[in-house]
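Here's the structure we're looking at; comments come further down.
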Amino acid sequence: MLKSKTFVKKTRSGGIMKIVREHYLRDDIWCGSEVCTECKQEETVLQKDACIESNLCSFPHYLLPDTNIVLSQIDILEDPLIKNVIILQTVLQEVRHRSAPIYKRLKDILHDKEKHFYTFTNEHHRETYIEREQGESANDRNDRAIRISTKWYSDHLNNTPTTDKRLKVVLLTNDRGNKEKAEESGLLTYRCKKLQPSVTSVPQDETAVLNEITSSKVLFPEHLPLSRIQSGIKSGTFQQGTFRASRDNYLEATVFVHGEGDDSTEVLIQGLQNLNRAVHQDLVAVEILPLNQWVAPSSVVLQDEGPKEDDVTEEEEAELKSGPSGAASRKPTGRVVGIIKRNWRPFCGMLFLSQIKEATRHLFTPADRRIPRIRIETRQAATLAGQRIMVAVDGWPKHSRYPNGHFVRSLGSAGDKETETEVLLLEHDVPHQDFSQAVLSFLPKMPWNITEEDMAVREDLRNLTVCSVDPPGCTDIDDALHCRDLPNGNQEVGVHIADVSHFIRPGNAMDLEAANRGTTVYLTGRRIDMVPELLSSNLCSLRSSVERLAFSCIWEINDKAEIVKTRFTKSVINSKASLTYAEAQMRIDDANMNDDTTKSLRGLNRLAKILKKRRIEKGDLMFTLYRWVQIQITLLFPRETNSMVEEFMLLANISVAQKIYDEFSECALLRKHPAPPPSNYDILNKAAKSKDMVIHTDSAKALADSLDAAQVDGFPYFNTLLRILATRCMMQAVYFCSGMDSDFHHYGLASPIYTHFTSPIRRYSDIIVHRLLAVAIGADSTYPDLMDKHKQSALCNNLNYRHKMAQYAQRASVAYHTQLFFKSRGILNEEGFILFVRKNAIIVLIPKFGLEGTVFFENKDKPSPKLIFNEEISGVSVAPSEPEPEVKRAKLDR
């Protein structure tokens with residue numbers, strides 16, 4: 001590619017000479033990185049692994065210095081510690097013109113193969129060359145060229161399929177204007193301060209070279225290099241696991257260590273040094289401490305108030321160490337020795353302004369209390385005060401109490417409903433962008449109608465009395481039912497599910513987007529669809545009086561609600577009614593109504609009662625545990641019709657699970673609910689013991705029976721509290737691939753096998769199950785990914801993550817709108833119950849509003865009473881000779 005400039009120049013004789021300057025650009029200039037598979041590399045200089053081992057940053061990285069860094073910090077660049085550096089042609093030329101001695105030293109570094117410095121000819125690369133703009137100085141043009149090249153490198157390496165996505169290109173600059181513009185473009189930038197003495201005397205830590213050091217005091221142990229970690233894990237000296245910070249105590253965390261089969265364990269981490277700069281969800285290496293150093297989880301609720309000094313206070317450490325001491329309560333305890341993989345992301349929160357006048361360094365408080373405060377440098381603090389902002393972490397020096405980061409963008413004013421909704425969506429990683437044109441291009445053209453080709457491969461069920469029963473205002477109706485008498489005295493029952501897989505074909509843009517989103521997210525007053533609205537609320541919604549494509553599960557059932565025969569078919573239905581729970585209940589109860597729809601509902605209701613009774617007798621926990629929730633639901637939805645729909649959805653899911661597993665034993669997408677380990681029931685057993693009761697947890701049936709029997713005279717709500725605690729003992733239900741697991745049991749439903757089939761409009765798992773079932777009955781063709789158990793397992797991991805985050809986002813939305821509800825209502829007196837007692841606080845539940853919060857014993861305005869904490873019963877009492885504390889009102893800390 002040729003770029004040319006033509007200009008005229010006056011000669012000495014007064015004539016005019018035309019000058020043409022040609023600048024050749026190429027698109028085949030290689031990037032020089034071992035990790036790149038896109039370039040046709042003539043040589044690879046930038047290493048694949050050394051960028052990790054150097055440990056200058058807590059993530060794999062290449063350094064890209066600007067001209068001033070080279071000119072002023074050449075001694076740092078010469079140090080053996082610094083490797084894998086990109087020197088741009090722009091920088092090289094500028095250094096050559098400005099300092100011959102430094103240019104020679106730089107050339108010597110470039111020729112040293114052990115240093116892995118790579119010269120990138122950005123001035124001749126088609127995507128990185130830029131023209132000088134009108135009015136732009138040469139220096140500003142070169143700074144812009146450096147930023148453009150940094151951006152290109154970041155995008156180029158990130159788009160390489162084999163590249164470790166943690167690999168970053170770090171721009172080094174001390175120019176404030178250049179740094180701010182780079183950060184506005186989303187580039188990762190560090191400042192580079194001179195060290196006294198040289199780098200060689202400084203341990204390998206990223207911020208010792210790249211960030212301003214806030215204190216000379218070392219607060220944390222050195223992180224071990226990956227080579228040491230890997231050998232330690234191999235020998236069994238170290239364990240690797242996911243770091244999970246505590247919500248209630250910022251000086252405590254657990255590391256979940258995955259073992260063989262069910263042999264997994266949680267390692268308790270306590271104290272700032274043992275936490276050693278790990279952040280929630282990081283993959284870490286831990287060393288298990290000797291048995292005599294094992295401790296019990298802390299009974300203190302401890303929040304980071306942002307101390308002035310860079311050290312944890314003695315009082316906080318004392319509180320932490322004064323937890324339960326009984327040998328039985330001790331847990332495997334360890335310390336973090338290294339970070340295997342950072343799971344950092346941009347965090348939402350608010351700026352905590354420094355009290356120092358004209359300060360530029362401030363603490364950022366994340367919305368998620370499991371994330372530590374982050375120190376950032378900004379001159380926009382006054383503007384950002386009162387704003388919800390997003391901050392990215394750059395690194396965490398061992399000299400600093402907090403990680404260092406930089407401002408990314410403002411989200412809006414704190415308290416604004418749109419802003420707060422955006423925050424909770426970002427914090428829970430909910431994809432909520434508008435559907436792209438690529439996705440929308442796969443929607444059917446309107447008007448859409450069922451064709452003769454559709455009818456030829458489907459069973460015509462339009463004559464059946466099918467109806468749907470849903471909450472009021474439901475527009476994404478994905479299930480409908482029918483029940484009719486058969487000549488032999490049995491009944492035919494059908495569950496008809498929207499055939500979403502007909503519209504979303506494997507591998508296209510709409511399918512990939514739905515797979516990524518995983519689920520529809522229901523917030524208060526807002527729904528974030530998994531699929532475009534044309535499908536979710538129209539073409540796939542089984543509305544009444546319109547023909548719709550469905551996937552039907554049809555049983556022949558006898559009077560004892562026993563299944564005689566099961567069949568599956570793609571179908572066409574025409575729902576005769578779209579009812580709310582209340583409308584369906586009124587039809588069932590009104591003896592004067594005897595139309596076909598009402599008769600169908602009565603038949604369904606009769607069979608559902610038998611099915612539920614049998615399910616509970618088998619030890620189904622879902623009804624037992626969530627009965628306290630259902631009591632609240634009945635205020636909105638009559639429980640009988642709600643339960644009726646639920647019973648047949650469960651039956652359909654179980655029937656389909658067995659069918660797809662019988663046909664595809666290696667790649668069926670199923671859902672399991674693991675039984676909790678015995679230790680999970682500690683809080684439940686302790687609560688029951690407080691009323692001299694025993695809860696049996698040997699099986700789901702034993703637990704259900706024990707909870708039913710746990711009644712206290714004069715304290716009717718005690719049973720409900722026990723059920724609430726029991727739900728917190730349960731494990732998370734998860735999707736899995738049958739060929740990758742051997743435990744299929746669903747503990748909560750007491751079912752040996754289970755899946756999700758009945759909600760394909762709002763769950764991508766159900767779409768996969770539909771595809772498997774369609775192949776099993778010969779209604780559709782298969783495709784490679786569907787039969788690949790490894791890809792199915794990876795898909796299940798994403799679905800489990802999306803499902804969990806959607807639940808958290810929904811709870812956060814309810815909590816936020818609950819706060820709005822109370823904001824203008826002042827102080828209310830309502831009955832509350834203590835769920836947990838901690839050494840310095842109680843956790844209180846207010847059932848009327850479903851509110852749960854922490855009430856601290858301490859009062860900043862006056863001395864708090866001396867309290868005695870009994871770890872055996874998790875109770876507190878006022879020490880003798882102290883007056884009873886006066887409690888007038890309590891503020892819930894959420």
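Just remember, in the structure tokens the first chain shown is A, the second B, etc., residues are 1-based per chain, and ligands are 1-based in the order shown.
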>> Write out as a ChimeraX atom specification the set of residues from segment 505-703 of chain A that DSSP, computed on the backbone, places in strand (DSSP E).
In response: /A:521-523,526-528,547-557,563-574,577-580,669-672
Give me, as a JSON list (two decimals) with N, CA and C atoms, in the first residue's frame, all polymer residues having an atom no more than 10 Å from Met740 of chain A, counting only C-alpha atoms and skipping those fewer than 4 positions away in the same chain.
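Saved the output as part.json:
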```
[["chain", "number", "residue", "atom", "x", "y", "z"],
["A", 666, "GLU", "N", -24.11, -40.21, 26.78],
["A", 666, "GLU", "CA", -22.87, -39.47, 26.95],
["A", 666, "GLU", "C", -23.03, -37.95, 26.86],
["A", 667, "CYS", "N", -24.12, -37.49, 26.26],
["A", 667, "CYS", "CA", -24.20, -36.04, 26.01],
["A", 667, "CYS", "C", -25.56, -35.43, 26.37],
["A", 668, "ALA", "N", -26.32, -36.09, 27.23],
["A", 668, "ALA", "CA", -27.59, -35.51, 27.68],
["A", 668, "ALA", "C", -27.33, -34.36, 28.63],
["A", 736, "PHE", "N", -25.38, -30.21, 34.06],
["A", 736, "PHE", "CA", -24.18, -30.99, 33.79],
["A", 736, "PHE", "C", -24.42, -31.88, 32.59],
["A", 789, "LYS", "N", -19.45, -34.17, 24.32],
["A", 789, "LYS", "CA", -19.68, -34.02, 25.76],
["A", 789, "LYS", "C", -18.81, -32.94, 26.39],
["A", 790, "HIS", "N", -17.63, -32.69, 25.82],
["A", 790, "HIS", "CA", -16.76, -31.65, 26.37],
["A", 790, "HIS", "C", -17.34, -30.26, 26.10],
["A", 792, "GLN", "N", -20.52, -29.69, 25.55],
["A", 792, "GLN", "CA", -21.74, -29.61, 26.35],
["A", 792, "GLN", "C", -21.40, -29.25, 27.79],
["A", 793, "SER", "N", -20.32, -29.81, 28.30],
["A", 793, "SER", "CA", -19.92, -29.51, 29.67],
["A", 793, "SER", "C", -19.50, -28.05, 29.83]]
```
> Which is closer to Ala253 of chain A than all the others in A:Ala794, A:Ile371, A:Ile528, A:Leu188, using only C-alpha atoms?
Replying inline: A:Ile371
>> Would you pick out the contacts of Leu707 of chain A at 8 Å or less, using only C-alpha atoms, so that residues sharing its chain but fewer than 6 positions from it are not included, and give the list as a ChimeraX atom specification?
In response: /A:624,695,719,722-723
> Taking only C-alpha atoms into account, which of A:Ala776, A:Val564, A:Leu481, A:Met693 comes nearest Ser600 of chain A?
Replying inline: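 Closest to Ser600 of chain A of all the choices is A:Leu481.
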>> Neighbouring residues of Ile834 of chain A were defined as those with any atom within 8 Å, considering only C-alpha atoms; residues of the same chain fewer than 3 positions away were excluded. Please report them as a ChimeraX atom specification.
In response: /A:837,842-845
>> Calculated over only C-alpha atoms, which of the candidates A:Leu411, A:Cys553, A:Ala367, A:Leu539 has the smallest distance to Leu384 of chain A?
In response: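 Of the candidates, the smallest distance to Leu384 of chain A is held by A:Leu411.
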With DSSP run on the backbone, what are the alpha helix (DSSP H) residues within segment 291-538 of chain A? I'd like them as a short mmCIF file (atom, residue, chain, number, x, y, z; two decimals) with N, CA and C atoms, in the first residue's frame.
```cif
data_model
loop_
_atom_site.label_atom_id
_atom_site.label_comp_id
_atom_site.auth_asym_id
_atom_site.auth_seq_id
_atom_site.Cartn_x
_atom_site.Cartn_y
_atom_site.Cartn_z
N GLU A 314 -4.85 -2.88 65.33
CA GLU A 314 -4.64 -3.93 66.32
C GLU A 314 -5.96 -4.44 66.86
N GLU A 315 -6.93 -3.52 67.02
CA GLU A 315 -8.23 -3.92 67.53
C GLU A 315 -8.90 -4.93 66.60
N GLU A 316 -8.78 -4.68 65.27
CA GLU A 316 -9.40 -5.58 64.32
C GLU A 316 -8.75 -6.96 64.35
N GLU A 317 -7.42 -6.99 64.43
CA GLU A 317 -6.72 -8.27 64.51
C GLU A 317 -7.10 -9.01 65.80
N ALA A 318 -7.25 -8.24 66.89
CA ALA A 318 -7.61 -8.86 68.17
C ALA A 318 -9.01 -9.46 68.09
N GLU A 319 -9.95 -8.73 67.48
CA GLU A 319 -11.31 -9.24 67.31
C GLU A 319 -11.29 -10.53 66.51
N LEU A 320 -10.47 -10.54 65.45
CA LEU A 320 -10.42 -11.70 64.56
C LEU A 320 -9.91 -12.93 65.29
N LYS A 321 -8.90 -12.73 66.14
CA LYS A 321 -8.26 -13.87 66.81
C LYS A 321 -9.04 -14.36 68.02
N ALA A 381 -11.97 14.31 41.25
CA ALA A 381 -12.66 13.82 42.45
C ALA A 381 -13.90 14.64 42.78
N ALA A 382 -13.79 15.95 42.70
CA ALA A 382 -14.93 16.81 43.04
C ALA A 382 -16.11 16.54 42.12
N THR A 383 -15.81 16.30 40.85
CA THR A 383 -16.87 16.02 39.87
C THR A 383 -17.47 14.64 40.10
N LEU A 384 -16.63 13.69 40.48
CA LEU A 384 -17.08 12.30 40.63
C LEU A 384 -17.78 12.04 41.96
N LYS A 417 -32.56 5.80 39.57
CA LYS A 417 -33.03 4.44 39.35
C LYS A 417 -32.33 3.78 38.15
N GLU A 418 -32.18 4.52 37.07
CA GLU A 418 -31.52 3.97 35.89
C GLU A 418 -30.05 3.64 36.19
N THR A 419 -29.40 4.53 36.93
CA THR A 419 -28.00 4.32 37.28
C THR A 419 -27.84 3.09 38.16
N GLU A 420 -28.69 2.97 39.19
CA GLU A 420 -28.58 1.85 40.12
C GLU A 420 -28.88 0.53 39.43
N THR A 421 -29.81 0.55 38.48
CA THR A 421 -30.10 -0.67 37.72
C THR A 421 -28.91 -1.06 36.85
N GLU A 422 -28.28 -0.05 36.23
CA GLU A 422 -27.09 -0.31 35.42
C GLU A 422 -25.98 -0.90 36.29
N VAL A 423 -25.83 -0.39 37.49
CA VAL A 423 -24.79 -0.89 38.40
C VAL A 423 -25.03 -2.36 38.73
N LEU A 424 -26.25 -2.70 39.10
CA LEU A 424 -26.48 -4.09 39.51
C LEU A 424 -26.36 -5.05 38.33
N LEU A 425 -26.68 -4.58 37.11
CA LEU A 425 -26.49 -5.43 35.93
C LEU A 425 -25.01 -5.64 35.64
N LEU A 426 -24.24 -4.57 35.75
CA LEU A 426 -22.79 -4.69 35.51
C LEU A 426 -22.12 -5.53 36.60
N GLU A 427 -22.51 -5.31 37.85
CA GLU A 427 -21.90 -6.04 38.95
C GLU A 427 -22.19 -7.54 38.89
N GLN A 437 -27.69 -6.23 15.04
CA GLN A 437 -28.35 -6.45 13.76
C GLN A 437 -28.07 -7.87 13.25
N ALA A 438 -26.89 -8.40 13.57
CA ALA A 438 -26.57 -9.77 13.16
C ALA A 438 -27.54 -10.76 13.80
N VAL A 439 -27.89 -10.52 15.07
CA VAL A 439 -28.86 -11.38 15.76
C VAL A 439 -30.25 -11.19 15.16
N LEU A 440 -30.66 -9.95 15.01
CA LEU A 440 -32.01 -9.65 14.52
C LEU A 440 -32.22 -10.14 13.09
N GLU A 452 -47.51 -25.17 5.14
CA GLU A 452 -47.87 -26.56 4.88
C GLU A 452 -46.71 -27.49 5.21
N GLU A 453 -45.48 -27.00 4.97
CA GLU A 453 -44.30 -27.80 5.31
C GLU A 453 -44.21 -28.04 6.81
N ASP A 454 -44.57 -27.01 7.61
CA ASP A 454 -44.59 -27.18 9.06
C ASP A 454 -45.62 -28.24 9.48
N MET A 455 -46.79 -28.16 8.89
CA MET A 455 -47.87 -29.07 9.26
C MET A 455 -47.54 -30.51 8.87
N ALA A 456 -46.76 -30.67 7.81
CA ALA A 456 -46.46 -32.01 7.31
C ALA A 456 -45.60 -32.82 8.27
N ALA A 509 -26.04 -16.42 14.68
CA ALA A 509 -25.77 -15.33 15.63
C ALA A 509 -26.79 -15.29 16.76
N MET A 510 -28.04 -15.59 16.46
CA MET A 510 -29.07 -15.57 17.51
C MET A 510 -28.84 -16.70 18.51
N ASP A 511 -28.44 -17.85 18.01
CA ASP A 511 -28.15 -18.98 18.88
C ASP A 511 -26.96 -18.70 19.79
N LEU A 512 -25.90 -18.12 19.24
CA LEU A 512 -24.71 -17.81 20.03
C LEU A 512 -25.02 -16.77 21.10
N GLU A 513 -25.85 -15.77 20.74
CA GLU A 513 -26.21 -14.74 21.72
C GLU A 513 -27.05 -15.34 22.85
N ALA A 514 -28.01 -16.20 22.51
CA ALA A 514 -28.84 -16.84 23.53
C ALA A 514 -28.00 -17.74 24.43
N ALA A 515 -27.03 -18.45 23.83
CA ALA A 515 -26.16 -19.32 24.62
C ALA A 515 -25.31 -18.51 25.59
N ASN A 516 -24.87 -17.33 25.17
CA ASN A 516 -24.07 -16.47 26.04
C ASN A 516 -24.92 -15.90 27.17
N ARG A 517 -26.11 -15.41 26.83
CA ARG A 517 -26.98 -14.84 27.88
C ARG A 517 -27.46 -15.91 28.84
N GLU A 533 -37.66 -9.86 21.44
CA GLU A 533 -39.06 -9.78 21.88
C GLU A 533 -40.03 -10.36 20.86
N LEU A 534 -39.70 -10.29 19.58
CA LEU A 534 -40.60 -10.86 18.57
C LEU A 534 -40.84 -12.33 18.83
#
```
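Minimum distance to Gln819 of chain A across A:Gly415, A:Lys686, A:Asn798, A:His258 (counting only C-alpha atoms) occurs at A:Gly415.
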> Restricting the calculation to only C-alpha atoms, which member of A:Gly507, A:Pro752, A:Pro397, A:Gly603 is positioned closest to Gly494 of chain A?
Replying inline: A:Gly603
> Hey, which of A:Leu219, A:Val295, A:Ala774, A:Leu725 ends up closest to His502 of chain A? Count only C-alpha atoms.
Replying inline: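 Smallest separation from His502 of chain A among the options: A:Ala774.
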> Leaving out segment 240-247 of chain A and any residue of its chain fewer than 2 positions from it, which residues lie within 10 Å of it when counting only C-alpha atoms, given as a PyMOL selection string?
Replying inline: chain A and resi 229-230+232-233+236+238+249-259+264-269+275+278-287+301-303+336+338-341+343+368-372
Go ahead and write the selection's residues with N, CA and C atoms as a CSV table (one decimal), in the first residue's frame.
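The result, written out as result_1.csv:
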```csv
chain,number,residue,atom,x,y,z
A,229,ILE,N,4.9,-22.5,42.1
A,229,ILE,CA,3.5,-22.9,42.5
A,229,ILE,C,3.1,-24.2,41.8
A,230,GLN,N,3.5,-24.3,40.5
A,230,GLN,CA,3.2,-25.5,39.8
A,230,GLN,C,3.9,-26.8,40.4
A,232,GLY,N,4.8,-27.0,43.5
A,232,GLY,CA,4.2,-27.2,44.8
A,232,GLY,C,2.9,-28.0,44.7
A,233,ILE,N,2.1,-27.6,43.7
A,233,ILE,CA,0.8,-28.3,43.5
A,233,ILE,C,1.0,-29.7,43.1
A,236,GLY,N,2.0,-31.7,46.1
A,236,GLY,CA,1.0,-31.7,47.2
A,236,GLY,C,1.3,-30.7,48.3
A,238,PHE,N,1.2,-27.4,47.9
A,238,PHE,CA,0.2,-26.4,47.8
A,238,PHE,C,-1.1,-27.0,47.2
A,249,ASN,N,-17.0,-10.3,56.9
A,249,ASN,CA,-15.7,-10.1,57.6
A,249,ASN,C,-14.6,-9.9,56.5
A,250,TYR,N,-14.1,-8.7,56.3
A,250,TYR,CA,-13.2,-8.5,55.2
A,250,TYR,C,-11.8,-9.1,55.5
A,251,LEU,N,-11.6,-9.6,56.7
A,251,LEU,CA,-10.3,-10.2,57.1
A,251,LEU,C,-10.4,-11.7,57.0
A,252,GLU,N,-11.4,-12.2,56.4
A,252,GLU,CA,-11.7,-13.7,56.3
A,252,GLU,C,-12.1,-14.1,54.9
A,253,ALA,N,-11.8,-15.3,54.5
A,253,ALA,CA,-12.2,-15.8,53.2
A,253,ALA,C,-12.1,-17.3,53.3
A,254,THR,N,-12.6,-18.0,52.3
A,254,THR,CA,-12.4,-19.4,52.1
A,254,THR,C,-11.9,-19.7,50.7
A,255,VAL,N,-11.1,-20.8,50.6
A,255,VAL,CA,-10.7,-21.2,49.3
A,255,VAL,C,-11.3,-22.6,49.0
A,256,PHE,N,-12.1,-22.7,48.0
A,256,PHE,CA,-12.7,-24.0,47.7
A,256,PHE,C,-11.8,-24.8,46.8
A,257,VAL,N,-11.3,-25.9,47.4
A,257,VAL,CA,-10.3,-26.7,46.7
A,257,VAL,C,-11.0,-27.9,46.1
A,258,HIS,N,-10.9,-28.0,44.8
A,258,HIS,CA,-11.6,-29.1,44.1
A,258,HIS,C,-10.7,-30.4,44.3
A,259,GLY,N,-11.4,-31.5,44.7
A,259,GLY,CA,-10.7,-32.8,44.8
A,259,GLY,C,-11.3,-33.8,43.8
A,264,SER,N,-13.8,-32.8,48.0
A,264,SER,CA,-13.4,-31.3,47.9
A,264,SER,C,-13.5,-30.8,49.3
A,265,THR,N,-12.7,-29.7,49.5
A,265,THR,CA,-12.7,-29.1,50.9
A,265,THR,C,-12.6,-27.6,50.8
A,266,GLU,N,-13.0,-27.0,51.9
A,266,GLU,CA,-12.9,-25.5,52.0
A,266,GLU,C,-11.8,-25.2,53.0
A,267,VAL,N,-10.8,-24.4,52.6
A,267,VAL,CA,-9.7,-23.9,53.4
A,267,VAL,C,-10.0,-22.5,53.9
A,268,LEU,N,-10.0,-22.3,55.2
A,268,LEU,CA,-10.3,-21.1,55.9
A,268,LEU,C,-9.0,-20.2,55.8
A,269,ILE,N,-9.2,-18.9,55.4
A,269,ILE,CA,-8.1,-18.0,55.4
A,269,ILE,C,-8.4,-16.8,56.3
A,275,LEU,N,-4.4,-13.6,53.7
A,275,LEU,CA,-5.2,-13.3,52.5
A,275,LEU,C,-4.3,-12.9,51.3
A,278,ALA,N,-5.2,-11.5,47.6
A,278,ALA,CA,-6.2,-12.2,46.8
A,278,ALA,C,-7.5,-11.5,46.7
A,279,VAL,N,-8.2,-11.5,45.6
A,279,VAL,CA,-9.4,-10.8,45.4
A,279,VAL,C,-10.5,-11.8,45.1
A,280,HIS,N,-11.7,-11.6,45.5
A,280,HIS,CA,-12.8,-12.5,45.3
A,280,HIS,C,-12.8,-13.1,43.9
A,281,GLN,N,-12.9,-14.4,43.8
A,281,GLN,CA,-13.0,-15.2,42.6
A,281,GLN,C,-11.6,-15.4,41.9
A,282,ASP,N,-10.5,-15.0,42.5
A,282,ASP,CA,-9.2,-15.3,42.0
A,282,ASP,C,-9.0,-16.8,42.1
A,283,LEU,N,-8.2,-17.3,41.2
A,283,LEU,CA,-7.7,-18.7,41.3
A,283,LEU,C,-6.3,-18.6,42.1
A,284,VAL,N,-6.2,-19.2,43.2
A,284,VAL,CA,-5.1,-19.0,44.1
A,284,VAL,C,-4.4,-20.3,44.5
A,285,ALA,N,-3.2,-20.2,44.9
A,285,ALA,CA,-2.5,-21.4,45.5
A,285,ALA,C,-2.4,-21.1,47.0
A,286,VAL,N,-2.8,-22.1,47.8
A,286,VAL,CA,-2.8,-22.0,49.2
A,286,VAL,C,-1.9,-23.1,49.9
A,287,GLU,N,-1.3,-22.7,51.0
A,287,GLU,CA,-0.5,-23.7,51.8
A,287,GLU,C,-1.3,-24.0,53.0
A,301,VAL,N,-18.6,-9.7,62.9
A,301,VAL,CA,-19.0,-9.0,61.7
A,301,VAL,C,-18.0,-7.8,61.6
A,302,LEU,N,-17.2,-7.8,60.6
A,302,LEU,CA,-16.1,-6.8,60.5
A,302,LEU,C,-16.1,-6.2,59.1
A,303,GLN,N,-16.3,-4.9,59.1
A,303,GLN,CA,-16.3,-4.2,57.8
A,303,GLN,C,-15.1,-3.2,57.7
A,336,VAL,N,-2.5,-17.8,51.5
A,336,VAL,CA,-2.4,-17.7,50.1
A,336,VAL,C,-0.9,-17.5,49.8
A,338,GLY,N,0.3,-17.6,46.4
A,338,GLY,CA,0.5,-17.1,45.1
A,338,GLY,C,-0.8,-17.0,44.3
A,339,ILE,N,-0.8,-16.2,43.3
A,339,ILE,CA,-2.0,-16.0,42.4
A,339,ILE,C,-1.8,-16.8,41.1
A,340,ILE,N,-2.7,-17.7,40.8
A,340,ILE,CA,-2.6,-18.5,39.6
A,340,ILE,C,-3.3,-17.7,38.4
A,341,LYS,N,-4.4,-17.2,38.7
A,341,LYS,CA,-5.2,-16.4,37.7
A,341,LYS,C,-6.0,-15.4,38.4
A,343,ASN,N,-9.0,-12.8,38.5
A,343,ASN,CA,-10.3,-12.7,37.9
A,343,ASN,C,-10.9,-11.3,38.0
A,368,ASP,N,-19.8,-4.2,45.7
A,368,ASP,CA,-19.7,-5.5,46.3
A,368,ASP,C,-18.7,-5.5,47.4
A,369,ARG,N,-19.2,-5.7,48.6
A,369,ARG,CA,-18.4,-5.6,49.8
A,369,ARG,C,-17.3,-6.7,49.9
A,370,ARG,N,-17.4,-7.7,49.0
A,370,ARG,CA,-16.3,-8.7,49.0
A,370,ARG,C,-15.1,-8.2,48.3
A,371,ILE,N,-15.2,-7.1,47.6
A,371,ILE,CA,-14.1,-6.6,46.8
A,371,ILE,C,-13.4,-5.5,47.7
A,372,PRO,N,-12.1,-5.5,47.9
A,372,PRO,CA,-11.4,-4.5,48.7
A,372,PRO,C,-11.5,-3.1,48.1
```
